[in-house]
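Peer 1: Dropping in upload.txt, which is compact mmCIF, C-alpha atoms:
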```txt
# COMPACT_ATOMS: atom_id res chain seq x y z
CA MET R 1 -22.36 12.22 25.73
CA ARG R 2 -19.56 10.15 24.14
CA VAL R 3 -20.84 7.46 21.78
CA VAL R 4 -17.52 6.17 20.38
CA SER R 5 -14.33 4.96 22.05
CA GLU R 6 -11.53 7.40 22.77
CA GLY R 7 -9.21 5.58 20.39
CA VAL R 8 -11.63 5.71 17.47
CA GLY R 9 -12.44 9.30 18.34
CA ARG R 10 -8.77 10.18 17.97
CA GLN R 11 -8.64 8.37 14.64
CA MET R 12 -11.68 10.29 13.44
CA ALA R 13 -10.15 13.61 14.50
CA GLY R 14 -7.08 12.81 12.43
CA ALA R 15 -9.11 11.32 9.59
CA SER R 16 -7.29 10.40 6.43
CA TRP R 17 -6.20 13.39 4.36
CA ILE R 18 -6.60 11.16 1.31
CA ARG R 19 -10.32 10.70 1.85
CA ARG R 20 -10.82 14.33 2.80
CA MET R 21 -9.28 15.51 -0.44
CA PHE R 22 -11.19 12.91 -2.45
CA GLU R 23 -14.46 14.17 -0.97
CA LYS R 24 -13.43 17.77 -1.69
CA GLY R 25 -12.84 16.70 -5.28
CA LEU R 26 -16.38 15.38 -5.57
CA GLU R 27 -17.66 18.73 -4.31
CA LEU R 28 -15.55 20.70 -6.79
CA LYS R 29 -16.60 18.47 -9.70
CA GLN R 30 -20.25 19.06 -8.89
CA GLN R 31 -19.66 22.79 -8.67
CA TYR R 32 -17.36 23.36 -11.66
CA GLY R 33 -17.74 20.23 -13.81
CA ALA R 34 -15.52 17.15 -13.79
CA GLU R 35 -13.56 18.35 -16.82
CA ASN R 36 -12.40 21.41 -14.85
CA VAL R 37 -11.10 19.54 -11.78
CA PHE R 38 -7.75 17.70 -11.64
CA ASP R 39 -7.97 15.08 -8.93
CA PHE R 40 -4.67 13.42 -7.93
CA SER R 41 -5.79 12.52 -4.41
CA LEU R 42 -6.86 8.88 -4.40
CA GLY R 43 -4.93 5.83 -5.63
CA ASN R 44 -7.95 4.26 -7.32
CA PRO R 45 -6.66 2.36 -10.39
CA ASP R 46 -8.63 3.43 -13.45
CA ILE R 47 -7.03 1.12 -16.04
CA PRO R 48 -9.52 -1.63 -16.97
CA PRO R 49 -8.77 -5.18 -15.81
CA PRO R 50 -7.02 -7.47 -18.33
CA ALA R 51 -9.14 -8.33 -21.36
CA ALA R 52 -9.42 -11.94 -20.15
CA ALA R 53 -11.60 -10.70 -17.27
CA ARG R 54 -14.68 -10.66 -19.51
CA GLU R 55 -14.53 -14.35 -20.38
CA ALA R 56 -13.60 -15.21 -16.82
CA LEU R 57 -16.64 -13.36 -15.49
CA LEU R 58 -18.93 -15.09 -17.97
CA GLY R 59 -17.62 -18.42 -16.76
CA LEU R 60 -18.13 -17.41 -13.16
CA ALA R 61 -21.77 -16.63 -13.92
CA GLU R 62 -22.28 -20.33 -14.64
CA GLU R 63 -20.30 -21.28 -11.53
CA ALA R 64 -22.48 -19.05 -9.36
CA LEU R 65 -25.66 -20.94 -10.31
CA ARG R 66 -24.36 -24.23 -8.94
CA PRO R 67 -25.22 -25.33 -5.36
CA LEU R 68 -22.99 -23.38 -2.94
CA GLY R 69 -21.48 -21.54 -5.90
CA LEU R 70 -21.54 -18.40 -3.79
CA GLY R 71 -21.41 -20.13 -0.40
CA TYR R 72 -18.80 -20.01 2.33
CA CYS R 73 -15.32 -21.26 1.49
CA PRO R 74 -12.50 -22.22 3.91
CA ASN R 75 -11.49 -19.21 5.99
CA ALA R 76 -7.95 -19.34 4.57
CA GLY R 77 -9.27 -19.20 1.00
CA LEU R 78 -10.20 -21.53 -1.82
CA PRO R 79 -7.69 -24.42 -1.78
CA VAL R 80 -7.09 -24.24 -5.54
CA PHE R 81 -6.37 -20.51 -5.28
CA ARG R 82 -4.02 -20.92 -2.31
CA GLU R 83 -2.09 -23.58 -4.18
CA ALA R 84 -1.74 -21.41 -7.29
CA LEU R 85 -0.73 -18.42 -5.16
CA ALA R 86 1.88 -20.47 -3.32
CA GLN R 87 3.45 -21.60 -6.59
CA ARG R 88 3.54 -18.03 -7.88
CA LEU R 89 5.05 -16.69 -4.66
CA ALA R 90 7.63 -19.46 -4.56
CA ARG R 91 8.86 -18.38 -8.00
CA GLN R 92 8.72 -14.69 -7.14
CA GLN R 93 10.41 -14.93 -3.74
CA GLY R 94 12.82 -17.79 -4.40
CA VAL R 95 11.54 -19.64 -1.32
CA ALA R 96 9.63 -22.94 -1.26
CA VAL R 97 6.28 -21.51 -0.17
CA THR R 98 3.40 -24.01 -0.01
CA SER R 99 -0.34 -23.44 0.35
CA GLY R 100 -0.02 -24.05 4.09
CA GLN R 101 1.93 -20.79 4.39
CA VAL R 102 -0.65 -18.72 2.47
CA VAL R 103 -3.88 -17.14 3.74
CA VAL R 104 -6.20 -15.36 1.31
CA THR R 105 -7.54 -12.16 2.87
CA CYS R 106 -9.87 -9.24 2.22
CA GLY R 107 -7.23 -7.17 0.48
CA ALA R 108 -3.79 -6.30 1.81
CA ALA R 109 -5.48 -4.27 4.56
CA GLY R 110 -7.29 -7.38 5.73
CA ALA R 111 -4.00 -9.27 5.72
CA LEU R 112 -2.30 -6.66 7.91
CA THR R 113 -5.24 -6.37 10.28
CA SER R 114 -5.52 -10.14 10.70
CA PHE R 115 -1.77 -10.45 11.25
CA PHE R 116 -1.66 -7.69 13.85
CA ARG R 117 -4.61 -9.23 15.71
CA ALA R 118 -2.73 -12.53 15.81
CA VAL R 119 0.58 -11.18 17.20
CA ILE R 120 0.06 -7.80 18.90
CA GLU R 121 -0.27 -7.38 22.67
CA PRO R 122 -1.33 -3.98 24.09
CA GLY R 123 1.69 -1.71 24.17
CA ASP R 124 3.61 -3.55 21.44
CA GLU R 125 5.28 -1.33 18.86
CA VAL R 126 5.41 -1.47 15.07
CA LEU R 127 8.21 0.36 13.26
CA CYS R 128 8.00 1.65 9.71
CA PRO R 129 9.93 4.10 7.56
CA ALA R 130 8.24 7.47 7.13
CA PRO R 131 6.59 8.60 4.94
CA TYR R 132 4.14 5.73 5.24
CA PHE R 133 0.57 4.71 4.45
CA VAL R 134 -1.26 6.48 7.25
CA GLU R 135 -3.70 3.70 8.15
CA TYR R 136 -0.89 1.46 9.39
CA GLY R 137 -1.38 3.22 12.72
CA ALA R 138 -5.04 2.26 12.87
CA TYR R 139 -4.43 -1.32 11.74
CA CYS R 140 -2.15 -2.06 14.69
CA GLY R 141 -3.78 0.47 17.02
CA HIS R 142 -7.08 -1.41 17.02
CA PHE R 143 -5.36 -4.07 19.14
CA GLY R 144 -3.33 -1.81 21.41
CA GLY R 145 -0.29 -1.57 19.17
CA VAL R 146 1.64 1.67 18.68
CA LEU R 147 3.08 2.74 15.34
CA ARG R 148 6.58 4.21 15.59
CA PRO R 149 7.56 5.87 12.29
CA VAL R 150 11.27 6.36 11.61
CA PRO R 151 12.01 9.15 9.07
CA ALA R 152 13.59 7.91 5.85
CA ARG R 153 16.56 9.59 4.22
CA ALA R 154 15.72 12.40 1.83
CA PRO R 155 15.79 12.83 -1.10
CA ASP R 156 15.79 9.14 -2.09
CA PHE R 157 13.50 7.99 0.78
CA GLN R 158 15.50 4.84 1.50
CA PRO R 159 15.07 3.61 5.10
CA ASP R 160 17.51 4.98 7.66
CA LEU R 161 18.69 1.65 9.07
CA GLU R 162 20.82 3.16 11.83
CA ALA R 163 17.82 5.13 13.10
CA MET R 164 15.62 2.05 12.66
CA GLU R 165 17.92 -0.08 14.81
CA ALA R 166 18.12 2.65 17.45
CA ALA R 167 14.30 2.72 17.58
CA VAL R 168 13.97 -1.00 18.36
CA THR R 169 12.89 -1.68 21.95
CA ASP R 170 11.83 -4.75 23.91
CA ARG R 171 8.27 -3.99 22.81
CA THR R 172 9.00 -3.78 19.07
CA ARG R 173 6.97 -6.60 17.51
CA ALA R 174 7.16 -5.87 13.78
CA ILE R 175 8.91 -3.76 11.17
CA ILE R 176 6.67 -3.06 8.20
CA ILE R 177 8.07 -1.94 4.87
CA ASN R 178 6.28 -0.96 1.67
CA SER R 179 8.23 -1.16 -1.60
CA PRO R 180 7.45 0.11 -4.21
CA ASN R 181 6.35 2.73 -1.76
CA ASN R 182 3.17 4.68 -1.22
CA PRO R 183 3.54 7.69 -1.18
CA THR R 184 7.08 8.17 -2.56
CA GLY R 185 7.30 5.66 -5.41
CA CYS R 186 10.78 4.61 -4.24
CA VAL R 187 11.97 0.99 -4.36
CA TYR R 188 14.15 -0.29 -1.52
CA GLY R 189 17.45 -1.65 -2.77
CA ARG R 190 18.70 -5.20 -2.24
CA ALA R 191 21.62 -4.15 -0.01
CA THR R 192 19.30 -2.10 2.21
CA LEU R 193 16.88 -5.00 2.57
CA GLU R 194 19.68 -7.46 3.36
CA ARG R 195 20.88 -5.19 6.15
CA LEU R 196 17.31 -4.97 7.44
CA GLY R 197 17.01 -8.76 7.48
CA ALA R 198 20.30 -9.00 9.39
CA LEU R 199 18.96 -6.48 11.92
CA VAL R 200 15.89 -8.63 12.50
CA ASP R 201 18.05 -11.73 12.99
CA ARG R 202 20.28 -9.92 15.51
CA VAL R 203 17.28 -8.84 17.53
CA ASN R 204 15.67 -12.27 17.43
CA ALA R 205 18.84 -13.96 18.69
CA THR R 206 17.96 -12.58 22.14
CA ARG R 207 14.16 -12.74 21.94
CA GLU R 208 11.46 -15.07 23.22
CA ARG R 209 8.74 -13.23 21.27
CA PRO R 210 10.16 -12.65 17.79
CA LEU R 211 10.43 -9.47 15.79
CA PHE R 212 8.72 -9.89 12.39
CA LEU R 213 9.71 -8.28 9.10
CA VAL R 214 6.51 -7.61 7.14
CA SER R 215 6.61 -6.51 3.51
CA ASP R 216 3.47 -4.80 2.17
CA GLU R 217 3.67 -5.35 -1.61
CA PRO R 218 0.54 -4.31 -3.52
CA TYR R 219 2.72 -2.41 -6.02
CA ARG R 220 5.35 -5.11 -6.59
CA PHE R 221 4.26 -5.47 -10.23
CA LEU R 222 4.67 -1.76 -10.95
CA ALA R 223 8.34 -0.83 -11.32
CA TYR R 224 9.89 1.27 -14.09
CA ASP R 225 13.12 1.49 -16.07
CA GLY R 226 14.12 -2.09 -15.26
CA VAL R 227 14.34 -1.43 -11.51
CA GLU R 228 14.48 -4.64 -9.44
CA VAL R 229 12.02 -5.18 -6.60
CA PRO R 230 14.05 -7.62 -4.45
CA PRO R 231 12.32 -10.53 -2.68
CA VAL R 232 11.90 -10.23 1.08
CA LEU R 233 11.14 -13.78 2.24
CA PRO R 234 14.77 -14.95 1.90
CA LEU R 235 16.05 -12.19 4.21
CA THR R 236 15.13 -13.74 7.57
CA PRO R 237 13.10 -16.70 8.81
CA PHE R 238 10.71 -14.27 10.50
CA SER R 239 9.60 -12.61 7.25
CA LEU R 240 6.16 -12.29 5.74
CA VAL R 241 4.91 -10.78 2.50
CA LEU R 242 1.42 -9.57 1.78
CA GLY R 243 -0.25 -8.04 -1.21
CA SER R 244 -3.42 -7.76 -3.21
CA PHE R 245 -4.83 -7.77 -6.72
CA SER R 246 -6.36 -4.31 -6.36
CA LYS R 247 -3.74 -2.62 -8.50
CA SER R 248 -2.14 -5.37 -10.58
CA LEU R 249 -5.52 -6.54 -11.93
CA SER R 250 -7.55 -3.35 -11.24
CA LEU R 251 -9.81 -5.31 -8.89
CA ALA R 252 -9.73 -2.89 -5.94
CA GLY R 253 -13.44 -3.31 -5.20
CA GLU R 254 -13.22 -7.09 -5.03
CA ARG R 255 -11.01 -7.00 -1.90
CA VAL R 256 -8.77 -9.99 -2.59
CA GLY R 257 -5.33 -10.13 -1.00
CA TYR R 258 -3.02 -12.57 0.71
CA LEU R 259 -0.45 -13.07 3.43
CA ALA R 260 2.45 -15.53 3.02
CA ALA R 261 5.03 -16.56 5.60
CA ASN R 262 8.57 -17.87 5.25
CA PRO R 263 8.26 -21.67 5.59
CA ALA R 264 11.49 -21.68 7.64
CA MET R 265 9.85 -19.63 10.41
CA PRO R 266 9.68 -21.52 13.72
CA GLU R 267 6.06 -22.42 14.55
CA VAL R 268 4.92 -21.14 11.15
CA ALA R 269 1.89 -23.47 11.19
CA THR R 270 0.77 -21.97 14.50
CA LEU R 271 1.05 -18.44 13.13
CA MET R 272 -0.87 -19.29 9.96
CA GLY R 273 -3.57 -20.98 12.01
CA ALA R 274 -3.84 -17.86 14.15
CA VAL R 275 -4.11 -15.57 11.10
CA THR R 276 -6.75 -17.87 9.61
CA MET R 277 -8.74 -17.61 12.83
CA THR R 278 -8.41 -13.82 13.12
CA ASN R 279 -9.37 -13.51 9.45
CA ARG R 280 -12.62 -15.20 10.48
CA THR R 281 -13.26 -13.63 13.89
CA LEU R 282 -12.60 -10.06 12.78
CA GLY R 283 -15.65 -10.49 10.58
CA PHE R 284 -13.94 -11.00 7.24
CA VAL R 285 -14.83 -14.77 7.41
CA ASN R 286 -13.32 -15.33 3.96
CA ALA R 287 -12.27 -13.18 1.04
CA PRO R 288 -15.03 -12.77 -1.60
CA VAL R 289 -15.40 -16.04 -3.47
CA LEU R 290 -16.09 -14.44 -6.84
CA GLY R 291 -13.06 -12.21 -6.39
CA GLN R 292 -10.88 -15.21 -5.55
CA ARG R 293 -12.05 -17.12 -8.61
CA LEU R 294 -11.57 -14.10 -10.83
CA ALA R 295 -8.05 -13.48 -9.48
CA LEU R 296 -7.23 -17.15 -10.03
CA ALA R 297 -8.37 -16.95 -13.65
CA LEU R 298 -6.25 -13.82 -14.22
CA LEU R 299 -3.26 -14.81 -12.07
CA ASP R 300 -0.78 -14.91 -14.95
CA THR R 301 -1.97 -11.66 -16.52
CA GLY R 302 -1.88 -8.00 -15.48
CA VAL R 303 -2.78 -4.48 -16.45
CA ASP R 304 -0.70 -2.58 -19.00
CA VAL R 305 2.19 -1.11 -16.98
CA GLY R 306 3.16 1.00 -19.99
CA VAL R 307 0.07 3.17 -19.47
CA TYR R 308 1.25 4.09 -15.98
CA ASP R 309 4.77 4.77 -17.25
CA ARG R 310 3.49 7.22 -19.86
CA ARG R 311 1.49 9.00 -17.18
CA ARG R 312 4.56 9.12 -14.94
CA GLN R 313 6.47 10.86 -17.71
CA ALA R 314 3.60 13.29 -18.31
CA MET R 315 3.43 14.21 -14.62
CA ALA R 316 7.20 14.75 -14.54
CA ARG R 317 6.88 17.20 -17.45
CA VAL R 318 4.15 19.13 -15.64
CA LEU R 319 6.19 19.36 -12.43
CA ASP R 320 9.32 20.37 -14.33
CA ALA R 321 7.44 23.14 -16.11
CA ALA R 322 6.16 24.46 -12.77
CA GLY R 323 9.63 24.34 -11.21
CA ILE R 324 8.62 21.79 -8.54
CA ARG R 325 11.41 19.55 -7.22
CA TYR R 326 10.85 15.79 -6.91
CA ALA R 327 12.54 12.40 -6.93
CA MET R 328 11.43 10.44 -10.00
CA PRO R 329 9.33 7.49 -8.74
CA GLN R 330 10.85 4.10 -9.46
CA GLY R 331 7.57 2.27 -8.92
CA ALA R 332 3.90 2.50 -7.88
CA PHE R 333 1.79 5.37 -9.23
CA TYR R 334 2.70 8.27 -6.95
CA PHE R 335 4.93 11.34 -6.90
CA PHE R 336 6.01 12.87 -3.58
CA PRO R 337 7.45 16.27 -4.52
CA GLU R 338 8.80 18.98 -2.24
CA ALA R 339 6.14 21.56 -1.41
CA PRO R 340 7.08 24.96 -2.88
CA GLY R 341 7.45 27.38 0.00
CA GLY R 342 8.05 24.50 2.43
CA ASP R 343 4.52 24.31 3.87
CA ASP R 344 2.77 21.28 2.39
CA GLN R 345 -0.68 22.18 3.67
CA ALA R 346 -0.43 25.74 2.42
CA PHE R 347 0.63 24.55 -1.01
CA VAL R 348 -2.17 21.99 -1.18
CA ARG R 349 -4.60 24.79 -0.37
CA ALA R 350 -3.07 26.86 -3.16
CA LEU R 351 -3.55 23.96 -5.56
CA LEU R 352 -7.19 23.67 -4.47
CA GLY R 353 -7.67 27.27 -5.51
CA HIS R 354 -6.87 26.14 -9.04
CA HIS R 355 -9.00 22.98 -8.84
CA VAL R 356 -5.99 20.66 -8.41
CA LEU R 357 -6.28 18.07 -5.66
CA ALA R 358 -3.23 16.66 -3.88
CA VAL R 359 -2.56 15.28 -0.39
CA PRO R 360 -0.18 17.02 2.05
CA GLY R 361 2.82 15.05 3.24
CA ALA R 362 1.69 15.54 6.83
CA GLY R 363 -0.94 12.93 6.05
CA PHE R 364 1.90 10.42 5.55
CA GLY R 365 4.00 11.48 8.52
CA PHE R 366 6.39 13.55 6.39
CA PRO R 367 5.56 17.30 6.21
CA GLY R 368 7.15 19.50 3.59
CA HIS R 369 6.14 17.28 0.67
CA PHE R 370 2.85 16.42 -1.00
CA ARG R 371 1.51 13.35 -2.79
CA LEU R 372 0.13 13.09 -6.29
CA THR R 373 -1.34 9.92 -7.74
CA PHE R 374 -1.29 9.46 -11.50
CA CYS R 375 -4.24 7.03 -11.76
CA VAL R 376 -5.82 9.45 -14.20
CA GLU R 377 -5.79 9.91 -17.96
CA GLU R 378 -2.81 11.66 -19.52
CA SER R 379 -5.05 14.45 -20.78
CA VAL R 380 -6.03 15.30 -17.19
CA ILE R 381 -2.36 15.46 -16.17
CA GLU R 382 -1.49 17.66 -19.13
CA ARG R 383 -4.42 20.04 -18.57
CA SER R 384 -3.44 20.48 -14.91
CA ALA R 385 -0.16 22.20 -15.83
CA ALA R 386 -1.56 25.73 -15.60
CA GLY R 387 -2.96 25.04 -12.13
CA PHE R 388 0.39 23.80 -10.81
CA ALA R 389 2.24 26.77 -12.23
CA ALA R 390 -0.32 29.19 -10.80
CA ALA R 391 -0.17 27.60 -7.34
CA VAL R 392 3.62 27.94 -7.31
CA ARG R 393 3.28 31.63 -8.17
CA ASP R 394 0.71 32.01 -5.38
CA VAL R 395 3.03 30.71 -2.66
CA CYS R 396 6.43 31.73 -4.03
CA GLY R 397 5.86 34.75 -6.17
CA GLY R 398 8.50 34.69 -8.90
CA GLY R 399 9.95 31.23 -8.22
CA VAL R 400 10.27 28.18 -6.04
```
Represent the structure contained in this file as structure tokens.
Peer 2:
Amino acid sequence: MRVVSEGVGRQMAGASWIRRMFEKGLELKQQYGAENVFDFSLGNPDIPPPAAAREALLGLAEEALRPLGLGYCPNAGLPVFREALAQRLARQQGVAVTSGQVVVTCGAAGALTSFFRAVIEPGDEVLCPAPYFVEYGAYCGHFGGVLRPVPARAPDFQPDLEAMEAAVTDRTRAIIINSPNNPTGCVYGRATLERLGALVDRVNATRERPLFLVSDEPYRFLAYDGVEVPPVLPLTPFSLVLGSFSKSLSLAGERVGYLAANPAMPEVATLMGAVTMTNRTLGFVNAPVLGQRLALALLDTGVDVGVYDRRRQAMARVLDAAGIRYAMPQGAFYFFPEAPGGDDQAFVRALLGHHVLAVPGAGFGFPGHFRLTFCVEESVIERSAAGFAAAVRDVCGGGV
């Protein structure tokens, strides 16, 4: 007897490596004690929200006691929040975004899902550079879309634009990019993005149904060493940016994100109306009202990026000591090193034997590497050094 659809059954069979390793970590912590397990599997930001969150929450407690204080809000989000977001995005992107081009969503995932529901027909394709966040495939696949990953160039993981253009077909509906990137930590350069925008414009010159360029930007705030994260909206009229406050304000559980469209896009009002409707009819209805009000109160603040930078440096020291090769991440809070011995799953199993949890690159469409997240205290990173070194010896003997 088959109780779930074939499509969901396939998704379950290939369930997220990230969650599998996270659950394995919980098991190991119960067995050996949390202090003896080094969990780098899940990108769950552990830095507290900005200090202003306390006063903001106290104020929201009074707001909640008013009539409809916790009632429904417009499906596109609280008007005051949309207006503030539009002003912020206009400054960030250098494009005159207004509240009419912004929809507040249940996190960046809700933004992507609502967008795909609005534009995807069964059989449409979505391109993305690989490695990529694995649930992109599910987000478009729910509506009959097909994810077509295009391998990035190693070792810097910049998109291979020639291969990307060769992969475009009549059914390609969107190109999704993620910079700073999960899982590699790379930041796509301005020249690369300008070429990508020109590609989209060339394709759309012959299209009735446009090709969209979609930029997934939850880590935009988190770049190191003065690296620029270039704006995407100016690249092509058919551009959209989406993001969330999960990482920048450490509000992952509040599920507040947004989608914004280039105001120069033809029929932009129609698209935003469609995304507003799908945001409702997919069951999101509206993003959490308390989360929206909290994000509004904290909009001009952020977590201490310096904490993540110190952890990045600590993780680099651990990998260097173990002889593991990697590209230093320019942003986000991930490393994506080469797997010693070449087999990412075998090396992740070797790490597990020393109570270190990582995620194999196969889980991101890029075997031969593995992902580490440094959303953990520096002391955990430092104490993991022996486990990394031992795992390298297990798979390589005397050296990498």
Peer 1: Kindly give the distance, in Å, that separates CA of Asn36 in chain R and CA of His355 in chain R, rounded to a single decimal.
Peer 2: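 Taking CA of Asn36 in chain R and CA of His355 in chain R, their separation equals 7.1 Å.
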Peer 1: Would you work out the distance separating CA of Arg88 in chain R from CA of Val256 in chain R, expressed in Å to one decimal?
Peer 2: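 Atom-to-atom, CA of Arg88 in chain R to CA of Val256 in chain R, that is 15.6 Å.
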Peer 1: Near Val95 in chain R, within 8 Å and counting all atoms listed in the file, which residues show up once chain neighbours fewer than 2 positions away are dropped, as a list in words?
Peer 2: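 That gives Leu89, Ala90, Arg91, Gln93, Val97, Leu233, Pro234, Asn262 and Pro263 of chain R.
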Peer 1: Name the residues in contact with range 331-346 of chain R at a cut-off of 8 Å, using all atoms listed in the file, excluding same-chain residues fewer than 5 positions from it; report them as JSON, numbers by chain.
Peer 2: {"R": [43, 180, 181, 182, 183, 184, 185, 186, 187, 219, 220, 222, 223, 224, 308, 312, 324, 325, 326, 360, 361, 362, 367, 368, 369, 370, 371, 372, 373, 374, 375, 392, 395, 396, 400]}
Peer 1: Box for range 74-88 of chain R - axis-aligned, 6 Å on each of the six sides, all listed atoms - centre and size in Å to one decimal, as lines of an AutoDock Vina configuration file.
Peer 2:
```
center_x = -4.5
center_y = -21.2
center_z = -0.9
size_x = 28.0
size_y = 18.4
size_z = 25.9
```
Peer 1: Select from range 37-131 of chain R every residue with an atom at most 10 Å from any atom of range 208-217 of chain R, then for each give the shortest pair of atoms and their distance in Å to one decimal, using only C-alpha atoms, rows by chain and rising number, as a tab-separated table.
Peer 2:
```
residue	atom	partner	partner_atom	distance
R:Ala108	CA	R:Asp216	CA	7.4
R:Ala109	CA	R:Asp216	CA	9.3
R:Ala111	CA	R:Asp216	CA	9.4
R:Leu112	CA	R:Asp216	CA	8.3
R:Phe115	CA	R:Val214	CA	9.7
R:Val119	CA	R:Arg209	CA	9.3
R:Val126	CA	R:Phe212	CA	9.4
R:Leu127	CA	R:Leu213	CA	9.7
R:Cys128	CA	R:Val214	CA	9.7
```
Peer 1: Could you save the residues just selected, with C-alpha atoms, as a compact mmCIF listing (two decimals), keeping the file's coordinate frame?
Peer 2:
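Once written, selection-v1.txt looks like this:
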```
# COMPACT_ATOMS: atom_id res chain seq x y z
CA ALA R 108 -3.79 -6.30 1.81
CA ALA R 109 -5.48 -4.27 4.56
CA ALA R 111 -4.00 -9.27 5.72
CA LEU R 112 -2.30 -6.66 7.91
CA PHE R 115 -1.77 -10.45 11.25
CA VAL R 119 0.58 -11.18 17.20
CA VAL R 126 5.41 -1.47 15.07
CA LEU R 127 8.21 0.36 13.26
CA CYS R 128 8.00 1.65 9.71
```
Peer 1: Pick the closest to Asp201 in chain R from R:Thr236, R:Val227, R:Ala297, R:Phe388: which is it, counting all atoms listed in the file?
Peer 2: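 That would be R:Thr236, the residue with the smallest distance to Asp201 in chain R.
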